[in-house]
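For reference, the structure is listed below as structure tokens.
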Amino acid sequence: MLTSPLRRTCAALAAGTSLALFLTACGGTTKNDVKADNSAAASAGKADPHAATKKGLTVGFLPKQVNNPYFTTADKGGRKALAELGSTYKEVGPSSATDTSGQVSYVNTLTQQQVDGMAVSAQDPGALCTALKQAMSNGIKVVTYDSDTDPGCRNAFVSQASAEDLGRTEVQLLARQIGYKGDIAILSAAQTATNQNTWIGYMKDELKDPKYKDVRLVKIAYGNDDAQQSFQQTQGLLQEHPDLKGIISPTTVGIKAAAQYLSGSTYKGKVALTGLGTPDDMRKYVKNGTVQAFELWDPAKLGDLAARTVVALASGQISGKEGETFRAGGTTYTIGRGGVINLGRPTVFDAKNIDGFDF
Ligand code: RAM
């Protein structure tokens, strides 16, 4: 049975509590939030690294967007890991990467269903906070993966790679391709996306280095992880800035749409494009000379680690505190500051290695 406060919250949500309420109730995730350890784990109990791994758990995956191939691959990784660990996987989620209130409802649905844990990729840093806290107060373990919420609103964040590395290396990749000179733009996902905004923060910081004195970031456009909108935004960028030398698109949906636009235009091979894409999406654009190099992690490994982190939390092996370690799929992971667990380093793909990857 649900506790009555929870029932009341759900009823309020069903009655259409405004998004603004959630936004005021919760602050946004910034690099600084992570520095001050206000993670939910900071107040959690002691973990026992030797506790047995629990079986028969139900874990819900809630991606930013269900019909995005990146999340299909990531969540399959989670499903496989849960099957291996003797637990049950389920997936719920909106079909648009800007349906934040939809994500909130899905968190509440999973809470009502009394899952043991959930892995969530947040469309917005603050909007899910109230619902996620409600889930945690009902004993549900909450892990964010791919895109974080406020550290106080989840037990741990499974990060695809160091956000700083990702932001800086994307600028480095592009600057090399344009000879450290010219106007550049960013084609991002949703304007609220925690992951893209964190990476963009590091991109801007990287651009402050004097070696980029002749590189100018002229615009950040948002394609909302929608293929058509991303295509149109790329077209718009080039209409507005015909001298543009390069684009960074730190989203698998965005980079694919931008590559599609460039490869069918007179800009092919003249305007450089890099960012985060899947090798399967980008192979033909690398082969036809539209794209030289881009990067990504293996999404299936991210989903795998998210699932294993939820199970380790539910088993009491970790609480999400900095310094705790746990074994996941043969590797030992250490929880970093703010409850962040890094999957590893991303791979840079180019014409030489792209055929060695299939995702
Ligand atoms: C898109 C999503 C996701 C991001 C990848 C790189 O699929 O925005 O959150 O991590 O791109």
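The way I read the labels, and the way they are meant: chains A, B, ... in the order of the structure tokens, residue 1 as the first residue of every chain, and ligand 1 as the first ligand shown, with later ones counted on from there.
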
request  = Please identify the residues whose atoms come within 6 Å of ligand 1, using only C-alpha atoms and all ligand atoms, and report them as a ChimeraX atom specification.
outcome  = /A:70,146-147,189,250-253,276

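Residues of range 225-357 of chain A that DSSP places in strand (DSSP E or B), based on the backbone of this structure, are Gly246, Ile247, Ile248, Ser249, Ala272, Leu273, Thr274, Gly275, Leu276, Ala293, Phe294, Glu295, Leu296, Thr325, Phe326, Arg327, Ala328, Thr331, Thr332, Tyr333, Thr334, Gly336, Val340, Ile341, Asn342, Thr347, Val348, Phe349 and Asp350 of chain A.
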
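The space separating CA of Gln112 in chain A from CA of Ser319 in chain A comes to 22.8 Å.
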
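Closest to Asn67 in chain A among A:Ser96, A:Thr53, A:Gln103, A:Thr149 is A:Ser96, based on only C-alpha atoms.
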
inquiry  = Report as an MDAnalysis selection string all protein, DNA and RNA residues lying within 7 Å of range 151-158 of chain A, evaluated on only C-alpha atoms, omitting residues in the same chain fewer than 2 positions from it.
reply    = chainID A and resid 34 38:41 129 132:133 141:146 148:149 160 306 320 338:343

Per-residue DSSP, range 130-340 of chain A, filtered to helix (DSSP H, G or I), as a ChimeraX atom specification = /A:130-137,151-153,163-177,194-206,210-212,227-240,252-263,279-287,299-314,337-339

key: A:Gly336, A:Arg327, A:Gly60, A:Asp214 ranked by distance to Gln113 in chain A, top pick (using only C-alpha atoms)   = A:Gly60

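Note that the spacing between CA of Ala47 in chain A and CA of Thr331 in chain A amounts to 18.7 Å.
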
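Between CA of Asp48 in chain A and CA of Arg308 in chain A the interatomic distance comes to 15.7 Å.
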
key: Residues near Ala272 in chain A, cut-off 12 Å, only C-alpha atoms, skip fewer than 5 positions along chain, as number ranges by chain   = A: 170-171, 173-186, 243-249, 255, 258-259, 262-263, 267, 285-286, 289-294

How would the residues just picked look written out with N, CA and C atoms as a short mmCIF file (atom, residue, chain, number, x, y, z; two decimals), in the first residue's frame?
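Once everything was written out, this is result-v7.cif:
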```
data_model
loop_
_atom_site.label_atom_id
_atom_site.label_comp_id
_atom_site.auth_asym_id
_atom_site.auth_seq_id
_atom_site.Cartn_x
_atom_site.Cartn_y
_atom_site.Cartn_z
N GLU A 170 35.81 17.94 -27.19
CA GLU A 170 35.03 18.28 -28.38
C GLU A 170 35.53 19.58 -29.02
N VAL A 171 35.87 20.56 -28.18
CA VAL A 171 36.44 21.81 -28.70
C VAL A 171 37.79 21.52 -29.34
N LEU A 173 38.88 18.74 -30.68
CA LEU A 173 38.70 18.03 -31.96
C LEU A 173 38.32 19.00 -33.08
N LEU A 174 37.39 19.89 -32.78
CA LEU A 174 36.92 20.82 -33.82
C LEU A 174 38.00 21.84 -34.18
N ALA A 175 38.66 22.39 -33.15
CA ALA A 175 39.66 23.43 -33.40
C ALA A 175 40.77 22.90 -34.31
N ARG A 176 41.16 21.65 -34.08
CA ARG A 176 42.20 21.05 -34.91
C ARG A 176 41.73 20.98 -36.38
N GLN A 177 40.46 20.62 -36.54
CA GLN A 177 39.94 20.46 -37.90
C GLN A 177 39.79 21.78 -38.66
N ILE A 178 39.61 22.89 -37.93
CA ILE A 178 39.44 24.18 -38.62
C ILE A 178 40.71 25.04 -38.52
N GLY A 179 41.81 24.42 -38.12
CA GLY A 179 43.08 25.16 -38.04
C GLY A 179 43.05 26.29 -37.03
N TYR A 180 42.29 26.11 -35.93
CA TYR A 180 42.24 27.08 -34.83
C TYR A 180 41.80 28.48 -35.28
N LYS A 181 40.91 28.53 -36.27
CA LYS A 181 40.48 29.84 -36.77
C LYS A 181 39.08 29.76 -37.35
N GLY A 182 38.23 30.71 -36.94
CA GLY A 182 36.91 30.85 -37.57
C GLY A 182 35.75 30.78 -36.59
N ASP A 183 34.56 31.06 -37.14
CA ASP A 183 33.33 31.04 -36.33
C ASP A 183 32.84 29.60 -36.18
N ILE A 184 32.38 29.31 -34.98
CA ILE A 184 31.82 27.97 -34.73
C ILE A 184 30.47 28.10 -34.00
N ALA A 185 29.68 27.03 -34.06
CA ALA A 185 28.39 27.02 -33.37
C ALA A 185 28.22 25.68 -32.69
N ILE A 186 27.27 25.65 -31.76
CA ILE A 186 26.93 24.39 -31.08
C ILE A 186 25.48 24.06 -31.43
N ASP A 243 29.62 32.09 -43.03
CA ASP A 243 31.07 31.85 -42.92
C ASP A 243 31.43 30.87 -41.83
N LEU A 244 30.43 30.23 -41.28
CA LEU A 244 30.68 29.28 -40.19
C LEU A 244 31.72 28.23 -40.62
N LYS A 245 32.65 27.93 -39.70
CA LYS A 245 33.71 26.97 -40.06
C LYS A 245 33.46 25.60 -39.42
N GLY A 246 32.68 25.60 -38.33
CA GLY A 246 32.49 24.29 -37.70
C GLY A 246 31.33 24.26 -36.73
N ILE A 247 30.83 23.04 -36.51
CA ILE A 247 29.71 22.83 -35.58
C ILE A 247 30.08 21.70 -34.62
N ILE A 248 29.75 21.91 -33.34
CA ILE A 248 29.86 20.82 -32.36
C ILE A 248 28.44 20.43 -31.99
N SER A 249 28.09 19.17 -32.13
CA SER A 249 26.76 18.73 -31.71
C SER A 249 26.91 17.61 -30.68
N ILE A 255 23.88 15.42 -34.00
CA ILE A 255 25.03 15.26 -34.91
C ILE A 255 24.61 14.51 -36.18
N ALA A 258 22.66 16.99 -38.33
CA ALA A 258 23.57 18.01 -38.88
C ALA A 258 24.39 17.40 -40.02
N ALA A 259 24.84 16.15 -39.82
CA ALA A 259 25.63 15.48 -40.86
C ALA A 259 24.78 15.27 -42.11
N LEU A 262 24.52 18.70 -43.83
CA LEU A 262 25.78 19.12 -44.47
C LEU A 262 26.10 18.26 -45.68
N SER A 263 25.88 16.96 -45.56
CA SER A 263 26.31 16.06 -46.65
C SER A 263 25.48 16.28 -47.92
N TYR A 267 28.07 22.77 -48.30
CA TYR A 267 28.98 22.91 -47.15
C TYR A 267 29.74 21.62 -46.84
N TYR A 285 28.69 9.13 -42.96
CA TYR A 285 29.14 10.53 -43.07
C TYR A 285 30.65 10.65 -42.88
N VAL A 286 31.23 9.66 -42.21
CA VAL A 286 32.70 9.64 -42.10
C VAL A 286 33.24 9.17 -43.45
N GLY A 289 33.09 11.81 -46.27
CA GLY A 289 33.89 13.03 -46.09
C GLY A 289 33.18 14.19 -45.40
N THR A 290 31.98 13.96 -44.85
CA THR A 290 31.29 15.05 -44.14
C THR A 290 31.88 15.25 -42.75
N VAL A 291 32.28 14.15 -42.12
CA VAL A 291 32.76 14.20 -40.73
C VAL A 291 34.12 13.51 -40.64
N GLN A 292 35.05 14.16 -39.93
CA GLN A 292 36.39 13.54 -39.75
C GLN A 292 36.46 12.69 -38.49
N ALA A 293 35.99 13.25 -37.38
CA ALA A 293 36.12 12.55 -36.10
C ALA A 293 35.04 13.02 -35.13
N PHE A 294 34.57 12.12 -34.31
CA PHE A 294 33.58 12.45 -33.28
C PHE A 294 33.79 11.45 -32.15
#
```

inquiry  = Need to verify the contact set: Pro279 in chain A, 10 Å, only C-alpha atoms, exclusion of same-chain residues closer than 6 positions in sequence. Can you return it as a ChimeraX atom specification?
reply    = /A:252,285-286,294-296,298,348-350,353-359

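Every protein, DNA or RNA residue with an atom at most 12 Å from Gln235 in chain A, where only C-alpha atoms count and chain neighbours fewer than 2 positions away do not, is listed here: Leu187, Ala221, Gly223, Gln228, Gln229, Ser230, Phe231, Gln232, Gln233, Leu237, Leu238, Gln239, Glu240, His241, Pro242, Leu244, Ile247, Ala257, Ala258, Ala259, Gln260, Tyr261, Leu262, Ser263, Gly264, Ser265, Thr266 and Tyr267 of chain A.
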
Long-range neighbours of Val311 in chain A as a PyMOL selection string, 12 Å cut-off, only C-alpha atoms, 4 positions minimum in chain = chain A and resi 51-60+78+81-89+115-119+140-143+155-156+304-307+315-320+326-328
